[in-house]
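Visitor: File follows, run_34.txt with compact mmCIF, C-alpha atoms and all ligand atoms:
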# COMPACT_ATOMS: atom_id res chain seq x y z
CA MET A 1 -16.77 101.97 -41.54
CA ALA A 2 -15.95 99.77 -38.59
CA ILE A 3 -18.35 97.00 -37.77
CA LYS A 4 -19.91 97.49 -34.37
CA ARG A 5 -19.17 94.40 -32.34
CA SER A 6 -20.97 93.23 -29.26
CA THR A 7 -19.21 93.24 -25.90
CA LYS A 8 -19.33 89.44 -25.95
CA ALA A 9 -17.59 89.25 -29.30
CA LYS A 10 -14.88 91.65 -28.13
CA ARG A 11 -14.27 89.54 -25.05
CA ASN A 12 -14.02 86.38 -27.10
CA ALA A 13 -11.63 88.01 -29.54
CA ASN A 14 -9.34 89.19 -26.74
CA SER A 15 -9.51 86.10 -24.56
CA GLN A 16 -10.58 88.58 -21.94
CA PRO A 17 -11.90 86.81 -18.83
CA TRP A 18 -15.46 87.75 -17.90
CA LEU A 19 -14.88 89.64 -14.70
CA HIS A 20 -17.22 91.69 -12.53
CA LEU A 21 -20.35 89.89 -13.65
CA ASN A 22 -21.82 89.59 -10.17
CA GLY A 23 -25.36 90.53 -9.25
CA VAL A 24 -27.41 88.71 -11.86
CA GLN A 25 -29.33 85.75 -10.41
CA ILE A 26 -30.31 82.81 -12.57
CA GLN A 27 -32.28 81.16 -9.76
CA GLU A 28 -33.70 82.87 -6.70
CA PHE A 29 -33.33 81.50 -3.20
CA GLY A 30 -36.50 79.73 -2.06
CA THR A 31 -37.34 78.29 -5.47
CA VAL A 32 -36.91 74.80 -6.92
CA ARG A 33 -36.26 73.84 -10.51
CA MET A 34 -38.22 71.04 -12.17
CA PHE A 35 -36.12 67.91 -11.69
CA PRO A 36 -37.42 64.49 -12.83
CA LEU A 37 -36.94 62.67 -9.53
CA GLY A 38 -40.35 61.07 -9.18
CA LEU A 39 -41.15 63.64 -6.49
CA SER A 40 -43.88 66.27 -6.64
CA TYR A 41 -43.04 69.95 -6.89
CA ASP A 42 -44.66 70.45 -3.48
CA ALA A 43 -42.52 67.73 -1.88
CA ARG A 44 -39.29 69.14 -3.31
CA MET A 45 -40.27 72.68 -2.31
CA TYR A 46 -41.25 71.62 1.20
CA SER A 47 -38.12 69.53 1.78
CA SER A 48 -35.85 72.26 0.43
CA GLN A 49 -37.28 74.79 2.87
CA ARG A 50 -37.00 72.48 5.87
CA LEU A 51 -33.50 71.37 4.85
CA ASN A 52 -32.33 74.96 4.46
CA GLN A 53 -33.41 75.77 8.01
CA ILE A 54 -31.57 72.72 9.34
CA LEU A 55 -28.61 73.57 7.10
CA ALA A 56 -28.39 77.11 8.50
CA ASP A 57 -28.61 75.85 12.08
CA THR A 58 -26.03 73.15 11.38
CA GLN A 59 -23.62 75.71 9.94
CA ILE A 60 -24.01 77.72 13.14
CA LEU A 61 -23.50 74.57 15.23
CA TYR A 62 -20.32 73.88 13.27
CA SER A 63 -19.12 77.43 13.99
CA LEU A 64 -20.00 77.10 17.68
CA TYR A 65 -17.95 73.91 17.82
CA LYS A 66 -14.94 75.68 16.32
CA LYS A 67 -15.40 78.68 18.63
CA HIS A 68 -15.42 76.46 21.70
CA HIS A 69 -12.63 74.26 20.33
CA TRP A 70 -10.49 77.40 20.17
CA LEU A 71 -11.66 79.09 23.39
CA MET A 72 -11.67 75.95 25.57
CA ARG A 73 -9.77 76.15 28.86
CA GLY A 74 -9.36 74.42 32.20
CA PRO A 75 -8.23 70.99 33.42
CA THR A 76 -10.04 69.13 30.63
CA PHE A 77 -8.75 71.49 27.94
CA TYR A 78 -6.93 68.92 25.83
CA GLN A 79 -9.70 66.32 25.84
CA LEU A 80 -12.45 68.81 25.02
CA HIS A 81 -10.29 70.73 22.54
CA LEU A 82 -9.89 67.51 20.54
CA LEU A 83 -13.47 66.27 21.02
CA LEU A 84 -15.06 69.52 19.88
CA ASP A 85 -12.90 69.60 16.77
CA LYS A 86 -13.94 66.03 15.91
CA HIS A 87 -17.59 66.99 16.29
CA ALA A 88 -17.00 70.10 14.18
CA GLU A 89 -15.57 68.00 11.36
CA GLU A 90 -18.56 65.67 11.50
CA GLN A 91 -20.97 68.62 11.46
CA LEU A 92 -19.14 70.06 8.46
CA GLU A 93 -19.78 66.80 6.61
CA LEU A 94 -23.47 67.15 7.46
CA VAL A 95 -23.44 70.72 6.15
CA ASP A 96 -22.24 69.42 2.81
CA LEU A 97 -24.77 66.58 2.73
CA LEU A 98 -27.66 68.92 3.60
CA ALA A 99 -26.61 71.54 1.05
CA GLU A 100 -26.24 68.97 -1.69
CA ARG A 101 -29.63 67.46 -0.84
CA VAL A 102 -31.19 70.90 -1.36
CA GLN A 103 -29.41 71.15 -4.72
CA THR A 104 -30.46 67.60 -5.61
CA LEU A 105 -34.09 68.60 -5.09
CA GLY A 106 -33.63 71.55 -7.48
CA GLY A 107 -33.38 74.18 -4.75
CA VAL A 108 -30.79 76.72 -3.64
CA ALA A 109 -28.77 75.93 -0.51
CA VAL A 110 -28.24 78.69 2.03
CA SER A 111 -24.50 79.24 1.98
CA ASP A 112 -23.18 82.74 2.63
CA PRO A 113 -22.59 83.07 6.41
CA ARG A 114 -24.42 86.41 6.48
CA HIS A 115 -27.46 84.72 4.95
CA VAL A 116 -27.07 81.84 7.39
CA ALA A 117 -27.09 84.32 10.28
CA GLU A 118 -30.39 85.78 9.06
CA ILE A 119 -32.06 82.37 8.94
CA THR A 120 -30.75 80.47 11.96
CA VAL A 121 -32.80 80.09 15.14
CA ILE A 122 -29.75 79.11 17.25
CA PRO A 123 -29.14 81.87 19.84
CA ARG A 124 -26.03 83.96 19.32
CA PRO A 125 -23.30 83.38 21.95
CA PRO A 126 -21.36 86.24 23.52
CA ASN A 127 -18.29 87.24 21.52
CA GLY A 128 -16.12 86.57 24.56
CA VAL A 129 -15.51 83.41 26.55
CA GLU A 130 -18.13 81.62 28.64
CA GLU A 131 -17.44 79.13 31.42
CA VAL A 132 -16.81 75.60 30.16
CA PRO A 133 -20.15 74.12 31.35
CA ALA A 134 -21.95 77.01 29.66
CA MET A 135 -20.07 76.30 26.42
CA LEU A 136 -21.13 72.67 26.56
CA SER A 137 -24.76 73.32 27.46
CA ARG A 138 -24.96 75.87 24.64
CA LEU A 139 -23.83 73.16 22.21
CA ILE A 140 -26.30 70.64 23.67
CA GLU A 141 -29.18 73.10 23.28
CA ALA A 142 -28.21 73.82 19.67
CA HIS A 143 -28.16 70.07 19.04
CA GLU A 144 -31.63 69.69 20.51
CA THR A 145 -33.05 72.48 18.35
CA ILE A 146 -31.70 70.71 15.27
CA LEU A 147 -32.89 67.30 16.48
CA VAL A 148 -36.46 68.51 17.10
CA ALA A 149 -36.60 70.11 13.64
CA SER A 150 -35.05 67.05 12.00
CA HIS A 151 -37.51 64.57 13.55
CA ASP A 152 -40.45 66.67 12.40
CA ALA A 153 -39.04 67.36 8.94
CA ALA A 154 -38.12 63.69 8.46
CA ASP A 155 -41.68 62.59 9.28
CA ARG A 156 -43.27 65.11 6.95
CA ALA A 157 -40.81 64.45 4.14
CA ALA A 158 -41.65 60.75 4.32
CA ASP A 159 -45.37 61.57 4.26
CA MET A 160 -44.82 63.52 1.05
CA GLY A 161 -42.86 60.68 -0.52
CA ASP A 162 -39.39 62.21 -0.12
CA ASP A 163 -37.63 59.13 1.25
CA GLY A 164 -34.16 60.48 0.40
CA THR A 165 -34.59 63.51 2.62
CA ASN A 166 -36.08 61.33 5.35
CA ASP A 167 -33.07 59.01 5.14
CA LEU A 168 -30.54 61.86 5.27
CA LEU A 169 -32.22 63.41 8.30
CA VAL A 170 -32.68 60.14 10.18
CA SER A 171 -29.51 58.27 9.26
CA SER A 172 -27.07 61.17 9.29
CA VAL A 173 -28.34 64.31 10.99
CA ILE A 174 -30.29 62.69 13.83
CA ARG A 175 -27.91 59.80 14.50
CA THR A 176 -24.84 62.05 14.52
CA GLY A 177 -26.57 64.70 16.63
CA GLU A 178 -27.73 62.19 19.22
CA LEU A 179 -24.29 60.61 19.54
CA GLN A 180 -22.51 63.96 19.84
CA THR A 181 -25.02 65.10 22.46
CA TRP A 182 -24.22 62.02 24.53
CA PHE A 183 -20.48 62.75 24.39
CA LEU A 184 -21.12 66.34 25.53
CA ILE A 185 -23.59 65.43 28.26
CA GLU A 186 -21.16 63.08 30.01
CA HIS A 187 -18.85 66.06 30.59
CA LEU A 188 -21.57 67.82 32.59
CA VAL A 189 -22.04 65.04 35.14
CA ASP A 190 -20.57 66.00 38.51
CA THR A 191 -18.78 62.80 39.43
CA PRO A 192 -15.43 62.47 41.22
CA LEU A 193 -12.43 61.24 39.26
CA VAL A 194 -11.49 58.92 42.12
CA GLY A 195 -13.43 57.60 45.10
CA ASP A 196 -13.18 59.49 48.41
CA GLU A 197 -14.10 56.51 50.54
CA HIS A 198 -12.06 53.38 51.05
CA GLY A 199 -14.34 50.48 51.76
FE FE A 201 -7.81 73.37 15.65
Starting from the file, lay out its structure as structure tokens.
Ligand SMILES: [Fe+2]
Guide:
Amino acid sequence: MAIKRSTKAKRNANSQPWLHLNGVQIQEFGTVRMFPLGLSYDARMYSSQRLNQILADTQILYSLYKKHHWLMRGPTFYQLHLLLDKHAEEQLELVDLLAERVQTLGGVAVSDPRHVAEITVIPRPPNGVEEVPAMLSRLIEAHETILVASHDAADRAADMGDDGTNDLLVSSVIRTGELQTWFLIEHLVDTPLVGDEHG
């Protein structure tokens, strides 16, 4: 009589890769594991939630930068095409830092773009092409939304003892966002390229 073997044993015996195992969660989104970081459960839970919101909005900001990098047009096409791609790359670095901070705290980073779309508070742009000033002001407004949330979250994280999250938000997210906003804003100033009066 043949010995009944478990599915696992059969797989091991055949070197069969474990395929189609999706669907089983070992940690739910919105939870934090117990990590010995010298931080309270409440602090890690709070920071993870605030960071995930900023992470979702930053992923959307990254995507908006790429959209406008691609769809850019007009006399300043080349300059803005390059600038927006540089900003996109810098935002993508922030996405990684934010996600890994959530993981460091024992949480689960929002990652799938469909999940990101459910969470973000950044308004959705039209699928088509807006005028260039509208593209830029849309980016500036997205930056401000993230900056307001980051200032508040940084303050509260520090109050709860989470200096690492405070540092990430202040030193990286806020400083980068402020600088990028400045570079965008200067493109919306209506100033002539050359003087029209000869003194
Ligand atoms: Fe490109």
Visitor: Please write out the residues within 12 Å of ligand FE 201 (chain A) as a list of chain:residue names, counting all atoms listed in the file.
Guide: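 Every residue with an atom at most 12 Å from ligand FE 201 (chain A) is listed here: A:Tyr65, A:Lys66, A:Lys67, A:His68, A:His69, A:Trp70, A:Leu71, A:Met72, A:Tyr78, A:Leu80, A:His81, A:Leu82, A:Leu83, A:Leu84, A:Asp85, A:Lys86, A:His87, A:Ala88, A:Glu89.
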Visitor: Please list as a PyMOL selection string every residue within 8 Å of Gly161 of chain A, counting only C-alpha atoms and excluding residues in the same chain fewer than 4 positions away.
Guide: chain A and resi 39+43+157
Visitor: Between atom CA of His20 of chain A and atom CA of Glu100 of chain A, what is the distance in Å, rounded to a tenth?
Guide: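 Rounded to one decimal, the two atoms are 26.7 Å apart.
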Visitor: Can you work out the spacing between atom CA of Ser111 of chain A and atom CA of Trp182 of chain A in Å, to one decimal?
Guide: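 Result for atom CA of Ser111 of chain A versus atom CA of Trp182 of chain A: 28.4 Å, one decimal.
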Visitor: If I put a ball of radius 9 Å at (-16.6, 65.4, 29.2) in the file's coordinates, which residues poke into it when counting all atoms listed in the file, written as a ChimeraX atom specification?
Guide: /A:76,79-80,83,136,183-189
Visitor: Based on the selection just made, write C-alpha atoms of those residues as a short mmCIF file (atom, residue, chain, number, x, y, z; two decimals), keeping the file's coordinate frame.
Guide:
data_model
loop_
_atom_site.label_atom_id
_atom_site.label_comp_id
_atom_site.auth_asym_id
_atom_site.auth_seq_id
_atom_site.Cartn_x
_atom_site.Cartn_y
_atom_site.Cartn_z
CA THR A 76 -10.04 69.13 30.63
CA GLN A 79 -9.70 66.32 25.84
CA LEU A 80 -12.45 68.81 25.02
CA LEU A 83 -13.47 66.27 21.02
CA LEU A 136 -21.13 72.67 26.56
CA PHE A 183 -20.48 62.75 24.39
CA LEU A 184 -21.12 66.34 25.53
CA ILE A 185 -23.59 65.43 28.26
CA GLU A 186 -21.16 63.08 30.01
CA HIS A 187 -18.85 66.06 30.59
CA LEU A 188 -21.57 67.82 32.59
CA VAL A 189 -22.04 65.04 35.14
#
Visitor: What's around Asp162 of chain A at 10 Å? Count all atoms listed in the file, leave out sequence neighbours fewer than 5 positions away in its own chain, and write the answer as a list in words.
Guide: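 After dropping sequence-adjacent residues, the list is Leu37, Gly38, Leu39, Ser40, Ala43, Arg44, Tyr46, Ser47, Leu105, Ala154, Asp155, Arg156, Ala157 and Asp167 of chain A.
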Visitor: Between atom CA of Asp163 of chain A and atom CA of Leu97 of chain A, what distance in Å does the model show, to one decimal?
Guide: 14.9 Å
Visitor: Calculated over all atoms listed in the file, which of the candidates A:Thr58, A:Ser15, A:Thr104, A:Glu93 has the smallest distance to Arg33 of chain A?
Guide: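 So, comparing all the options, the nearest one is A:Thr104.
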Visitor: Taking (-23.9, 76.2, 22.8) as a centre in this file's frame and 9 Å as the limit, can you find every polymer residue with an atom that close, using all atoms listed in the file, and give them as a ChimeraX atom specification?
Guide: /A:61,64-65,68,122-125,134-143
Visitor: Give me the residues near Gly177 of chain A as a list of chain:residue names, where near means some atom within 9 Å (using only C-alpha atoms) and where sequence neighbours in that chain fewer than 5 positions away do not count.
Guide: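 With the cut-off at 9 Å, the set is A:Gln91, A:His143, A:Glu144, A:Ile146, A:Leu147, A:Ser172, A:Trp182.
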Visitor: Looking at A:Gly106, A:Pro17, A:Gly74, A:Arg175, which one is nearest to Met34 of chain A, with distances taken over all atoms listed in the file?
Guide: A:Gly106
Visitor: Using all atoms listed in the file, which residues sit within 12 Å of Val116 of chain A once same-chain residues fewer than 2 positions away are excluded, as a PyMOL selection string?
Guide: chain A and resi 52-63+95+109-114+118-122
Visitor: Determine the nearest neighbour of Leu51 of chain A from the options A:Leu19, A:Val102, A:Val148, A:Leu193, counting only C-alpha atoms.
Guide: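 Of the candidates, the smallest distance to Leu51 of chain A is held by A:Val102.
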Visitor: Let me make sure I understand: among A:Ser48, A:Gln180, A:Pro75, A:Val108, which one has the smallest atom-to-atom distance to Ala153 of chain A if we use all atoms listed in the file?
Guide: A:Ser48
Visitor: Could you check which of A:Ile174, A:Pro192, A:Gly164, A:Val129 is closest to Ser150 of chain A, using all atoms listed in the file?
Guide: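 Counting all atoms listed in the file, the residue closest to Ser150 of chain A is A:Ile174.
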Visitor: Because some atoms of segment 98-126 of chain A are absent here, can you restore N, CA and C atoms and send them as a PDB file, in the coordinates of the input?
Guide:
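Resulting contents of result28.pdb:
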ATOM      1  N   LEU A  98     -26.384  68.179   3.598  1.00  0.00           N
ATOM      2  CA  LEU A  98     -27.660  68.920   3.600  1.00  0.00           C
ATOM      3  C   LEU A  98     -27.725  69.865   2.397  1.00  0.00           C
ATOM      4  N   ALA A  99     -26.625  70.583   2.158  1.00  0.00           N
ATOM      5  CA  ALA A  99     -26.610  71.540   1.050  1.00  0.00           C
ATOM      6  C   ALA A  99     -26.806  70.818  -0.277  1.00  0.00           C
ATOM      7  N   GLU A 100     -26.137  69.685  -0.418  1.00  0.00           N
ATOM      8  CA  GLU A 100     -26.240  68.970  -1.690  1.00  0.00           C
ATOM      9  C   GLU A 100     -27.587  68.276  -1.845  1.00  0.00           C
ATOM     10  N   ARG A 101     -28.246  67.983  -0.743  1.00  0.00           N
ATOM     11  CA  ARG A 101     -29.630  67.460  -0.840  1.00  0.00           C
ATOM     12  C   ARG A 101     -30.561  68.561  -1.360  1.00  0.00           C
ATOM     13  N   VAL A 102     -30.378  69.783  -0.865  1.00  0.00           N
ATOM     14  CA  VAL A 102     -31.190  70.900  -1.360  1.00  0.00           C
ATOM     15  C   VAL A 102     -30.975  71.071  -2.865  1.00  0.00           C
ATOM     16  N   GLN A 103     -29.711  71.014  -3.283  1.00  0.00           N
ATOM     17  CA  GLN A 103     -29.410  71.150  -4.720  1.00  0.00           C
ATOM     18  C   GLN A 103     -29.997  69.986  -5.520  1.00  0.00           C
ATOM     19  N   THR A 104     -29.926  68.789  -4.940  1.00  0.00           N
ATOM     20  CA  THR A 104     -30.460  67.600  -5.610  1.00  0.00           C
ATOM     21  C   THR A 104     -31.955  67.732  -5.872  1.00  0.00           C
ATOM     22  N   LEU A 105     -32.640  68.427  -4.951  1.00  0.00           N
ATOM     23  CA  LEU A 105     -34.090  68.600  -5.090  1.00  0.00           C
ATOM     24  C   LEU A 105     -34.434  69.757  -6.040  1.00  0.00           C
ATOM     25  N   GLY A 106     -33.403  70.435  -6.549  1.00  0.00           N
ATOM     26  CA  GLY A 106     -33.630  71.550  -7.480  1.00  0.00           C
ATOM     27  C   GLY A 106     -33.641  72.903  -6.802  1.00  0.00           C
ATOM     28  N   GLY A 107     -33.329  72.930  -5.499  1.00  0.00           N
ATOM     29  CA  GLY A 107     -33.380  74.180  -4.750  1.00  0.00           C
ATOM     30  C   GLY A 107     -32.063  74.928  -4.727  1.00  0.00           C
ATOM     31  N   VAL A 108     -31.994  75.900  -3.822  1.00  0.00           N
ATOM     32  CA  VAL A 108     -30.790  76.720  -3.640  1.00  0.00           C
ATOM     33  C   VAL A 108     -30.397  76.635  -2.172  1.00  0.00           C
ATOM     34  N   ALA A 109     -29.213  76.099  -1.902  1.00  0.00           N
ATOM     35  CA  ALA A 109     -28.770  75.930  -0.510  1.00  0.00           C
ATOM     36  C   ALA A 109     -28.328  77.253   0.079  1.00  0.00           C
ATOM     37  N   VAL A 110     -28.727  77.486   1.330  1.00  0.00           N
ATOM     38  CA  VAL A 110     -28.240  78.690   2.030  1.00  0.00           C
ATOM     39  C   VAL A 110     -26.752  78.486   2.289  1.00  0.00           C
ATOM     40  N   SER A 111     -25.935  79.467   1.927  1.00  0.00           N
ATOM     41  CA  SER A 111     -24.500  79.240   1.980  1.00  0.00           C
ATOM     42  C   SER A 111     -23.692  80.402   2.543  1.00  0.00           C
ATOM     43  N   ASP A 112     -23.961  81.608   2.120  1.00  0.00           N
ATOM     44  CA  ASP A 112     -23.180  82.740   2.630  1.00  0.00           C
ATOM     45  C   ASP A 112     -23.445  82.885   4.135  1.00  0.00           C
ATOM     46  N   PRO A 113     -22.384  83.018   4.960  1.00  0.00           N
ATOM     47  CA  PRO A 113     -22.590  83.070   6.410  1.00  0.00           C
ATOM     48  C   PRO A 113     -23.500  84.209   6.853  1.00  0.00           C
ATOM     49  N   ARG A 114     -23.538  85.301   6.098  1.00  0.00           N
ATOM     50  CA  ARG A 114     -24.420  86.410   6.480  1.00  0.00           C
ATOM     51  C   ARG A 114     -25.880  86.052   6.241  1.00  0.00           C
ATOM     52  N   HIS A 115     -26.115  85.225   5.208  1.00  0.00           N
ATOM     53  CA  HIS A 115     -27.460  84.720   4.950  1.00  0.00           C
ATOM     54  C   HIS A 115     -27.834  83.689   6.017  1.00  0.00           C
ATOM     55  N   VAL A 116     -26.867  82.836   6.341  1.00  0.00           N
ATOM     56  CA  VAL A 116     -27.070  81.840   7.390  1.00  0.00           C
ATOM     57  C   VAL A 116     -27.483  82.516   8.699  1.00  0.00           C
ATOM     58  N   ALA A 117     -26.809  83.614   9.026  1.00  0.00           N
ATOM     59  CA  ALA A 117     -27.090  84.320  10.280  1.00  0.00           C
ATOM     60  C   ALA A 117     -28.505  84.886  10.302  1.00  0.00           C
ATOM     61  N   GLU A 118     -29.013  85.245   9.131  1.00  0.00           N
ATOM     62  CA  GLU A 118     -30.390  85.780   9.060  1.00  0.00           C
ATOM     63  C   GLU A 118     -31.424  84.682   9.303  1.00  0.00           C
ATOM     64  N   ILE A 119     -31.089  83.460   8.924  1.00  0.00           N
ATOM     65  CA  ILE A 119     -32.060  82.370   8.940  1.00  0.00           C
ATOM     66  C   ILE A 119     -32.045  81.559  10.227  1.00  0.00           C
ATOM     67  N   THR A 120     -30.877  81.398  10.829  1.00  0.00           N
ATOM     68  CA  THR A 120     -30.750  80.470  11.960  1.00  0.00           C
ATOM     69  C   THR A 120     -31.625  80.862  13.147  1.00  0.00           C
ATOM     70  N   VAL A 121     -32.054  79.839  13.898  1.00  0.00           N
ATOM     71  CA  VAL A 121     -32.800  80.090  15.140  1.00  0.00           C
ATOM     72  C   VAL A 121     -31.922  79.776  16.363  1.00  0.00           C
ATOM     73  N   ILE A 122     -30.664  79.393  16.136  1.00  0.00           N
ATOM     74  CA  ILE A 122     -29.750  79.110  17.250  1.00  0.00           C
ATOM     75  C   ILE A 122     -29.326  80.448  17.876  1.00  0.00           C
ATOM     76  N   PRO A 123     -29.507  80.598  19.207  1.00  0.00           N
ATOM     77  CA  PRO A 123     -29.140  81.870  19.840  1.00  0.00           C
ATOM     78  C   PRO A 123     -27.662  82.220  19.644  1.00  0.00           C
ATOM     79  N   ARG A 124     -27.403  83.512  19.493  1.00  0.00           N
ATOM     80  CA  ARG A 124     -26.030  83.960  19.320  1.00  0.00           C
ATOM     81  C   ARG A 124     -25.304  83.938  20.657  1.00  0.00           C
ATOM     82  N   PRO A 125     -24.065  83.385  20.703  1.00  0.00           N
ATOM     83  CA  PRO A 125     -23.300  83.380  21.950  1.00  0.00           C
ATOM     84  C   PRO A 125     -22.629  84.745  22.130  1.00  0.00           C
ATOM     85  N   PRO A 126     -22.160  85.026  23.355  1.00  0.00           N
ATOM     86  CA  PRO A 126     -21.360  86.240  23.520  1.00  0.00           C
ATOM     87  C   PRO A 126     -20.075  86.129  22.688  1.00  0.00           C
TER      88      PRO A 126
END
